[in-house]
Number of protein chains: 2
Amino acid sequence: MVGKSQIKFIKSLQQKKYRALHKLFVVEGVKTVKELLASRLKNYQVYVSDPSVLPPNTEGMTLVAEGDLKKMSSLTTPNKVLGVFHMPEEKEIDFSNWVVALDDVRDPGNLGTIIRLCDWFGIPTLLCSSATVDCYNPKTLQATMGSITRVNIVYANLHSVLQEVKVPVYGAFMEGKLVYGEKMPETGILVMGNEANGVSKSIEALVAKKISIPQFGTTATESLNVATATAILLNEIRRS
Amino acid sequence: MVGKSQIKFIKSLQQKKYRALHKLFVVEGVKTVKELLASRLKNYQVYVSDPSVLPPNTEGMTLVAEGDLKKMSSLTTPNKVLGVFHMPEEKEIDFSNWVVALDDVRDPGNLGTIIRLCDWFGIPTLLCSSATVDCYNPKTLQATMGSITRVNIVYANLHSVLQEVKVPVYGAFMEGKLVYGEKMPETGILVMGNEANGVSKSIEALVAKKISIPQFGTTATESLNVATATAILLNEIRRS
């Protein structure tokens with residue numbers, strides 16, 4: 001059973017300010033909730049409309065009516081499971097490996113895809129500028145799958161961090177040097193820019209090496225989407 | 001001015017069956033409509049709530065009230081421009097270059113991103129299985145930007161086409177040979193599978209070379225999203 005105030009509380013977590021206040025976030029769907037339950041994250045509560053979809057001894061499991069689950073959900077067609085989890089503590093940035101840094105990426109789907117790419121390519125830290133979209137946004141979580149549990153996501157003043165780093169700072173720019181000819185080092189930071197404006201001027205000033213992905217179509221082509229460009233550049237870093 | 005029946009007609013084009021019946025599709029937004037007007041596509045009608053956003057001599061330009069534009073739009077916050085265009089004729093598949101083939105890709109955003117990637121990497125033909133999502137879906141068009149005008153998108157029975165092709169057929173598989181070691185030929189087909197199920201069994205039987213993207217993270221990681229995997233493999237084809 002679940003009361004009105006509890007439903008209201010869960011719904012409030014759809015907003016970034018309440019997530020930040022309570023340090024809690026919501027994930028929906030059997031597969032992702034199971035993956036988070038098996039991860040290093042601590043669960044706060046797990047609401048199910050059908051208890052058979054989770055192991056009977058699941059800690060914090062609460063049976064609720066389908067209608068109540070629907071009220072809590074951010075989806076038009078809610079799943080049978082809604083999990084509330086404690087946000088993991090941000091860990092130190094691991095400069096002994098490559099770091100991906102995002103300069104104000106705004107689309108939650110793009111952020112989710114990039115988290116999943118970091119996970120795939122073994123990038124321990126994703127550094128996000130303060131204006132980058134929240135990684136606990138429901139649309140981001142939908143695109144990350146379980147990767148959110150394996151990548152350390154750090155929100156910080158990107159400018160301050162880049163001013164002090166000792167590893168080489170690379171950035172993706174349309175007019176950068178073609179990446180195919182570059183021998184990438186063992187460690188570094190790869191800065192990816194905002195969807196509409198690319199890397200901002202103040203961050204650009206801190207980028208030592210501008211790189212680009214060769215274009216083979218007509219010049220009328222738009223730039224690549226930030227998530228697909230990140231995919232290609234991480235692949236280039238790992239293959240070199 | 002625009003009548004009720006015309007609004008109803010435009011709205012009907014949000015559904016695939018009416019698009020297919022009339023061979024017309026809708027795009028929204030100044031930038032994309034402008035790009036389509038400048039392309040090889042023929043426009044049927046262009047509705048504007050603010051005529052200053054397009055050149056005054058734009059053929060088929062019709063001034064409408066903001067409220068009417070809102071009624072026609074598939075967006076919650078409509079743009080100032082809504083263009084209705086004739087679908088281009090499908091051209092022959094160009095086997096003198098690489099072809100990307102999609103085996104039942106269902107997400108319109110993924111399809112849009114892949115069209116944009118084909119454009120970037122100079123892939124003239126995108127071959128889609130009959131069950132692949134419609135490329136004139138509003139969400140697909142939103143992700144392609146203007147690339148839809150430069151890539152020849154062909155819907156066909158993928159199985160029949162692959163049975164008869166003379167170029168080598170490559171496909172993306174989790175258990176395929178690592179792509180880094182492969183010397184890619186000048187021409188070929190790259191088959192990418194469905195988001196949930198990958199390449200289907202009947203298509204798999206027609207794939208001569210299974211390739212995969214190396215994974216550097218933990219094995220718990222999900223497969224890559226089909227659009228990011230396509231980005232990496234097209235980059236591998238072009239760099240080799």
# chains A, B, ... in the order shown; residues from 1 in each chain; ligands from 1
>>> residues_around(residues="range 176-183 of chain A", least_positions_apart="4", cutoff="7 Å", atoms="only C-alpha atoms", output="ChimeraX atom specification")
/A:172,210-214,240
>>> closest_atom_pairs(of="chain B", to="chain A", cutoff="9 Å", atoms="only C-alpha atoms", output="JSON lines")
{"residue": "B:Thr113", "atom": "CA", "partner": "A:Asn225", "partner_atom": "CA", "distance": 7.5}
{"residue": "B:Arg116", "atom": "CA", "partner": "A:Leu224", "partner_atom": "CA", "distance": 7.4}
{"residue": "B:Leu117", "atom": "CA", "partner": "A:Leu224", "partner_atom": "CA", "distance": 7.1}
{"residue": "B:Cys118", "atom": "CA", "partner": "A:Gly217", "partner_atom": "CA", "distance": 8.0}
{"residue": "B:Asp119", "atom": "CA", "partner": "A:Gly217", "partner_atom": "CA", "distance": 5.5}
{"residue": "B:Trp120", "atom": "CA", "partner": "A:Gly217", "partner_atom": "CA", "distance": 4.9}
{"residue": "B:Phe121", "atom": "CA", "partner": "A:Phe216", "partner_atom": "CA", "distance": 4.5}
{"residue": "B:Gly122", "atom": "CA", "partner": "A:Gly217", "partner_atom": "CA", "distance": 3.8}
{"residue": "B:Ile123", "atom": "CA", "partner": "A:Gly217", "partner_atom": "CA", "distance": 7.4}
{"residue": "B:Pro124", "atom": "CA", "partner": "A:Gly217", "partner_atom": "CA", "distance": 8.7}
{"residue": "B:Ala143", "atom": "CA", "partner": "A:Asn225", "partner_atom": "CA", "distance": 8.8}
{"residue": "B:Met145", "atom": "CA", "partner": "A:Glu222", "partner_atom": "CA", "distance": 7.4}
{"residue": "B:Gly146", "atom": "CA", "partner": "A:Thr221", "partner_atom": "CA", "distance": 7.6}
{"residue": "B:Ser147", "atom": "CA", "partner": "A:Thr221", "partner_atom": "CA", "distance": 6.6}
{"residue": "B:Arg150", "atom": "CA", "partner": "A:Thr218", "partner_atom": "CA", "distance": 8.6}
{"residue": "B:Tyr180", "atom": "CA", "partner": "A:Arg239", "partner_atom": "CA", "distance": 7.2}
{"residue": "B:Ile213", "atom": "CA", "partner": "A:Asn235", "partner_atom": "CA", "distance": 8.6}
{"residue": "B:Pro214", "atom": "CA", "partner": "A:Phe121", "partner_atom": "CA", "distance": 8.2}
{"residue": "B:Gln215", "atom": "CA", "partner": "A:Trp120", "partner_atom": "CA", "distance": 5.6}
{"residue": "B:Phe216", "atom": "CA", "partner": "A:Phe121", "partner_atom": "CA", "distance": 4.5}
{"residue": "B:Gly217", "atom": "CA", "partner": "A:Gly122", "partner_atom": "CA", "distance": 3.8}
{"residue": "B:Thr218", "atom": "CA", "partner": "A:Gly122", "partner_atom": "CA", "distance": 7.2}
{"residue": "B:Thr219", "atom": "CA", "partner": "A:Trp120", "partner_atom": "CA", "distance": 8.6}
{"residue": "B:Ala220", "atom": "CA", "partner": "A:Gly146", "partner_atom": "CA", "distance": 8.6}
{"residue": "B:Thr221", "atom": "CA", "partner": "A:Trp120", "partner_atom": "CA", "distance": 6.1}
{"residue": "B:Glu222", "atom": "CA", "partner": "A:Met145", "partner_atom": "CA", "distance": 7.4}
{"residue": "B:Ser223", "atom": "CA", "partner": "A:Trp120", "partner_atom": "CA", "distance": 7.9}
{"residue": "B:Leu224", "atom": "CA", "partner": "A:Leu117", "partner_atom": "CA", "distance": 7.2}
{"residue": "B:Asn225", "atom": "CA", "partner": "A:Thr113", "partner_atom": "CA", "distance": 7.5}
{"residue": "B:Ala227", "atom": "CA", "partner": "A:Thr228", "partner_atom": "CA", "distance": 7.3}
{"residue": "B:Thr228", "atom": "CA", "partner": "A:Thr228", "partner_atom": "CA", "distance": 5.2}
{"residue": "B:Ala229", "atom": "CA", "partner": "A:Ala231", "partner_atom": "CA", "distance": 7.8}
{"residue": "B:Thr230", "atom": "CA", "partner": "A:Thr228", "partner_atom": "CA", "distance": 8.7}
{"residue": "B:Ala231", "atom": "CA", "partner": "A:Thr228", "partner_atom": "CA", "distance": 5.9}
{"residue": "B:Ile232", "atom": "CA", "partner": "A:Ile232", "partner_atom": "CA", "distance": 5.1}
{"residue": "B:Leu233", "atom": "CA", "partner": "A:Ile232", "partner_atom": "CA", "distance": 8.7}
{"residue": "B:Asn235", "atom": "CA", "partner": "A:Ile232", "partner_atom": "CA", "distance": 6.8}
{"residue": "B:Glu236", "atom": "CA", "partner": "A:Ile232", "partner_atom": "CA", "distance": 8.9}
{"residue": "B:Arg238", "atom": "CA", "partner": "A:Phe216", "partner_atom": "CA", "distance": 8.1}
{"residue": "B:Arg239", "atom": "CA", "partner": "A:Tyr180", "partner_atom": "CA", "distance": 7.2}
>>> residues_around(residues="range 89-100 of chain B", least_positions_apart="5", cutoff="6 Å", atoms="only C-alpha atoms", output="list in words")
Thr125, Leu126, Val154, Thr187, Gly188, Ile189 and Leu190 of chain B
>>> residues_around(residues="Glu204 in chain A", least_positions_apart="4", cutoff="10 Å", atoms="only C-alpha atoms", output="mmCIF file with N, CA, C and O atoms, in the first residue's frame")
data_model
loop_
_atom_site.group_PDB
_atom_site.id
_atom_site.type_symbol
_atom_site.label_atom_id
_atom_site.label_comp_id
_atom_site.auth_asym_id
_atom_site.auth_seq_id
_atom_site.Cartn_x
_atom_site.Cartn_y
_atom_site.Cartn_z
ATOM 1 N N ASP A 103 30.664 19.889 -22.489
ATOM 2 C CA ASP A 103 30.498 21.331 -22.324
ATOM 3 C C ASP A 103 29.048 21.693 -22.660
ATOM 4 O O ASP A 103 28.727 22.014 -23.794
ATOM 5 N N HIS A 159 35.509 24.781 -16.651
ATOM 6 C CA HIS A 159 36.593 25.724 -16.883
ATOM 7 C C HIS A 159 37.668 25.593 -15.804
ATOM 8 O O HIS A 159 38.863 25.489 -16.106
ATOM 9 N N VAL A 169 44.551 18.128 -23.202
ATOM 10 C CA VAL A 169 43.129 18.374 -23.423
ATOM 11 C C VAL A 169 42.835 18.396 -24.927
ATOM 12 O O VAL A 169 43.345 19.239 -25.657
ATOM 13 N N TYR A 170 42.053 17.425 -25.377
ATOM 14 C CA TYR A 170 41.589 17.334 -26.763
ATOM 15 C C TYR A 170 40.150 17.845 -26.833
ATOM 16 O O TYR A 170 39.408 17.756 -25.859
ATOM 17 N N GLY A 171 39.764 18.358 -27.989
ATOM 18 C CA GLY A 171 38.385 18.791 -28.159
ATOM 19 C C GLY A 171 37.928 18.536 -29.587
ATOM 20 O O GLY A 171 38.738 18.561 -30.523
ATOM 21 N N ALA A 172 36.627 18.268 -29.759
ATOM 22 C CA ALA A 172 36.067 18.017 -31.095
ATOM 23 C C ALA A 172 35.628 19.345 -31.707
ATOM 24 O O ALA A 172 34.784 20.040 -31.139
ATOM 25 N N PHE A 173 36.222 19.664 -32.854
ATOM 26 C CA PHE A 173 35.889 20.898 -33.571
ATOM 27 C C PHE A 173 35.759 20.578 -35.054
ATOM 28 O O PHE A 173 36.538 19.794 -35.596
ATOM 29 N N VAL A 191 37.010 16.779 -24.892
ATOM 30 C CA VAL A 191 35.903 17.707 -24.658
ATOM 31 C C VAL A 191 34.946 17.688 -25.845
ATOM 32 O O VAL A 191 35.365 17.843 -26.995
ATOM 33 N N GLY A 193 31.254 19.352 -27.330
ATOM 34 C CA GLY A 193 30.493 20.580 -27.128
ATOM 35 C C GLY A 193 28.983 20.416 -27.138
ATOM 36 O O GLY A 193 28.448 19.323 -27.343
ATOM 37 N N GLY A 198 28.417 23.869 -30.191
ATOM 38 C CA GLY A 198 29.742 23.259 -30.074
ATOM 39 C C GLY A 198 30.406 23.651 -28.763
ATOM 40 O O GLY A 198 29.742 23.999 -27.786
ATOM 41 N N VAL A 199 31.736 23.612 -28.758
ATOM 42 C CA VAL A 199 32.504 23.959 -27.559
ATOM 43 C C VAL A 199 32.494 25.483 -27.410
ATOM 44 O O VAL A 199 32.690 26.211 -28.378
ATOM 45 N N SER A 200 32.252 25.952 -26.188
ATOM 46 C CA SER A 200 32.162 27.403 -25.946
ATOM 47 C C SER A 200 33.553 28.053 -26.023
ATOM 48 O O SER A 200 34.576 27.387 -25.874
ATOM 49 N N ALA A 208 44.051 22.093 -25.984
ATOM 50 C CA ALA A 208 45.377 22.120 -26.614
ATOM 51 C C ALA A 208 45.335 21.533 -28.021
ATOM 52 O O ALA A 208 46.047 21.979 -28.908
ATOM 53 N N LYS A 209 44.508 20.506 -28.243
ATOM 54 C CA LYS A 209 44.486 19.802 -29.526
ATOM 55 C C LYS A 209 43.068 19.725 -30.054
ATOM 56 O O LYS A 209 42.225 19.034 -29.472
ATOM 57 N N LYS A 210 42.814 20.419 -31.149
ATOM 58 C CA LYS A 210 41.498 20.346 -31.777
ATOM 59 C C LYS A 210 41.501 19.231 -32.814
ATOM 60 O O LYS A 210 42.359 19.202 -33.696
#
>>> select_by_dssp(residues="range 16-146 of chain A", states="alpha helix (DSSP H)", output="number ranges by chain")
A: 16-22, 30-37, 66-72, 108-120, 138-144
>>> select_by_dssp(residues="range 15-118 of chain A", states="strand (DSSP E or B)", output="PyMOL selection string")
chain A and resi 24-28+43-48+61-63+81-86+99-102
>>> residues_around(residues="range 38-53 of chain B", least_positions_apart="2", cutoff="8 Å", atoms="only C-alpha atoms", output="JSON, numbers by chain")
{"B": [24, 30, 34, 35, 36, 55, 56, 59, 60, 61, 62, 63, 64, 65, 66, 69, 80, 81, 82, 83, 84, 85, 86, 87, 88, 149]}
>>> write_last_selection(atoms="N, CA, C and O atoms", output="mmCIF file, in the first residue's frame")
data_model
loop_
_atom_site.group_PDB
_atom_site.id
_atom_site.type_symbol
_atom_site.label_atom_id
_atom_site.label_comp_id
_atom_site.auth_asym_id
_atom_site.auth_seq_id
_atom_site.Cartn_x
_atom_site.Cartn_y
_atom_site.Cartn_z
ATOM 1 N N LEU B 24 3.163 12.277 -49.805
ATOM 2 C CA LEU B 24 3.502 13.588 -49.249
ATOM 3 C C LEU B 24 3.972 13.411 -47.811
ATOM 4 O O LEU B 24 3.567 12.468 -47.142
ATOM 5 N N VAL B 30 11.940 26.379 -39.446
ATOM 6 C CA VAL B 30 12.475 27.247 -40.499
ATOM 7 C C VAL B 30 13.689 26.629 -41.179
ATOM 8 O O VAL B 30 13.764 26.534 -42.399
ATOM 9 N N LYS B 34 13.685 25.374 -45.044
ATOM 10 C CA LYS B 34 14.553 26.100 -45.989
ATOM 11 C C LYS B 34 15.475 25.142 -46.737
ATOM 12 O O LYS B 34 15.666 25.251 -47.939
ATOM 13 N N GLU B 35 16.054 24.209 -45.975
ATOM 14 C CA GLU B 35 16.983 23.264 -46.581
ATOM 15 C C GLU B 35 16.259 22.382 -47.604
ATOM 16 O O GLU B 35 16.782 22.104 -48.684
ATOM 17 N N LEU B 36 15.035 21.979 -47.288
ATOM 18 C CA LEU B 36 14.271 21.153 -48.223
ATOM 19 C C LEU B 36 13.832 21.962 -49.448
ATOM 20 O O LEU B 36 13.824 21.439 -50.568
ATOM 21 N N PRO B 55 11.903 33.574 -47.850
ATOM 22 C CA PRO B 55 11.951 34.564 -48.929
ATOM 23 C C PRO B 55 10.538 34.817 -49.479
ATOM 24 O O PRO B 55 9.737 33.873 -49.587
ATOM 25 N N PRO B 56 10.212 36.087 -49.838
ATOM 26 C CA PRO B 56 8.834 36.417 -50.248
ATOM 27 C C PRO B 56 8.370 35.664 -51.502
ATOM 28 O O PRO B 56 7.170 35.450 -51.679
ATOM 29 N N GLU B 59 7.645 29.572 -53.481
ATOM 30 C CA GLU B 59 6.511 28.950 -54.172
ATOM 31 C C GLU B 59 5.613 28.195 -53.176
ATOM 32 O O GLU B 59 6.122 27.484 -52.308
ATOM 33 N N GLY B 60 4.324 28.365 -53.316
ATOM 34 C CA GLY B 60 3.380 27.610 -52.488
ATOM 35 C C GLY B 60 3.256 28.121 -51.065
ATOM 36 O O GLY B 60 2.633 27.474 -50.221
ATOM 37 N N MET B 61 3.844 29.289 -50.772
ATOM 38 C CA MET B 61 3.785 29.816 -49.402
ATOM 39 C C MET B 61 2.388 30.350 -49.092
ATOM 40 O O MET B 61 1.824 31.134 -49.848
ATOM 41 N N THR B 62 1.825 29.899 -47.972
ATOM 42 C CA THR B 62 0.484 30.289 -47.566
ATOM 43 C C THR B 62 0.530 30.815 -46.136
ATOM 44 O O THR B 62 1.040 30.128 -45.244
ATOM 45 N N LEU B 63 0.012 32.012 -45.935
ATOM 46 C CA LEU B 63 -0.008 32.585 -44.584
ATOM 47 C C LEU B 63 -1.180 32.000 -43.801
ATOM 48 O O LEU B 63 -2.310 31.985 -44.301
ATOM 49 N N VAL B 64 -0.907 31.527 -42.609
ATOM 50 C CA VAL B 64 -1.985 30.982 -41.774
ATOM 51 C C VAL B 64 -1.884 31.557 -40.367
ATOM 52 O O VAL B 64 -0.812 32.012 -39.940
ATOM 53 N N ALA B 65 -2.999 31.520 -39.646
ATOM 54 C CA ALA B 65 -2.998 31.991 -38.263
ATOM 55 C C ALA B 65 -2.187 31.022 -37.405
ATOM 56 O O ALA B 65 -2.106 29.828 -37.710
ATOM 57 N N GLU B 66 -1.585 31.543 -36.352
ATOM 58 C CA GLU B 66 -0.784 30.699 -35.460
ATOM 59 C C GLU B 66 -1.593 29.516 -34.927
ATOM 60 O O GLU B 66 -1.086 28.409 -34.821
ATOM 61 N N LEU B 69 -1.791 26.815 -37.511
ATOM 62 C CA LEU B 69 -0.513 26.110 -37.630
ATOM 63 C C LEU B 69 -0.373 25.112 -36.475
ATOM 64 O O LEU B 69 0.097 23.991 -36.655
ATOM 65 N N LYS B 80 7.212 28.291 -36.732
ATOM 66 C CA LYS B 80 6.511 29.283 -37.553
ATOM 67 C C LYS B 80 6.274 28.778 -38.970
ATOM 68 O O LYS B 80 5.619 29.444 -39.764
ATOM 69 N N VAL B 81 6.845 27.645 -39.292
ATOM 70 C CA VAL B 81 6.769 27.124 -40.658
ATOM 71 C C VAL B 81 6.465 25.638 -40.644
ATOM 72 O O VAL B 81 7.032 24.893 -39.843
ATOM 73 N N LEU B 82 5.576 25.235 -41.536
ATOM 74 C CA LEU B 82 5.291 23.813 -41.729
ATOM 75 C C LEU B 82 5.259 23.578 -43.238
ATOM 76 O O LEU B 82 4.485 24.220 -43.952
ATOM 77 N N GLY B 83 6.124 22.718 -43.712
ATOM 78 C CA GLY B 83 6.200 22.458 -45.148
ATOM 79 C C GLY B 83 5.671 21.081 -45.482
ATOM 80 O O GLY B 83 5.902 20.123 -44.742
ATOM 81 N N VAL B 84 4.926 20.992 -46.585
ATOM 82 C CA VAL B 84 4.469 19.697 -47.078
ATOM 83 C C VAL B 84 5.212 19.448 -48.391
ATOM 84 O O VAL B 84 5.192 20.282 -49.296
ATOM 85 N N PHE B 85 5.900 18.306 -48.462
ATOM 86 C CA PHE B 85 6.737 18.007 -49.619
ATOM 87 C C PHE B 85 6.334 16.687 -50.267
ATOM 88 O O PHE B 85 5.822 15.790 -49.594
ATOM 89 N N HIS B 86 6.595 16.611 -51.567
ATOM 90 C CA HIS B 86 6.417 15.338 -52.278
ATOM 91 C C HIS B 86 7.580 14.418 -51.920
ATOM 92 O O HIS B 86 8.733 14.846 -51.920
ATOM 93 N N MET B 87 7.279 13.162 -51.632
ATOM 94 C CA MET B 87 8.364 12.198 -51.399
ATOM 95 C C MET B 87 9.173 12.052 -52.671
ATOM 96 O O MET B 87 8.605 11.948 -53.751
ATOM 97 N N PRO B 88 10.515 11.998 -52.549
ATOM 98 C CA PRO B 88 11.307 11.764 -53.756
ATOM 99 C C PRO B 88 11.109 10.322 -54.239
ATOM 100 O O PRO B 88 10.815 9.428 -53.441
ATOM 101 N N THR B 149 17.347 14.652 -47.877
ATOM 102 C CA THR B 149 17.323 15.061 -49.288
ATOM 103 C C THR B 149 18.534 14.530 -50.055
ATOM 104 O O THR B 149 18.570 14.596 -51.264
#
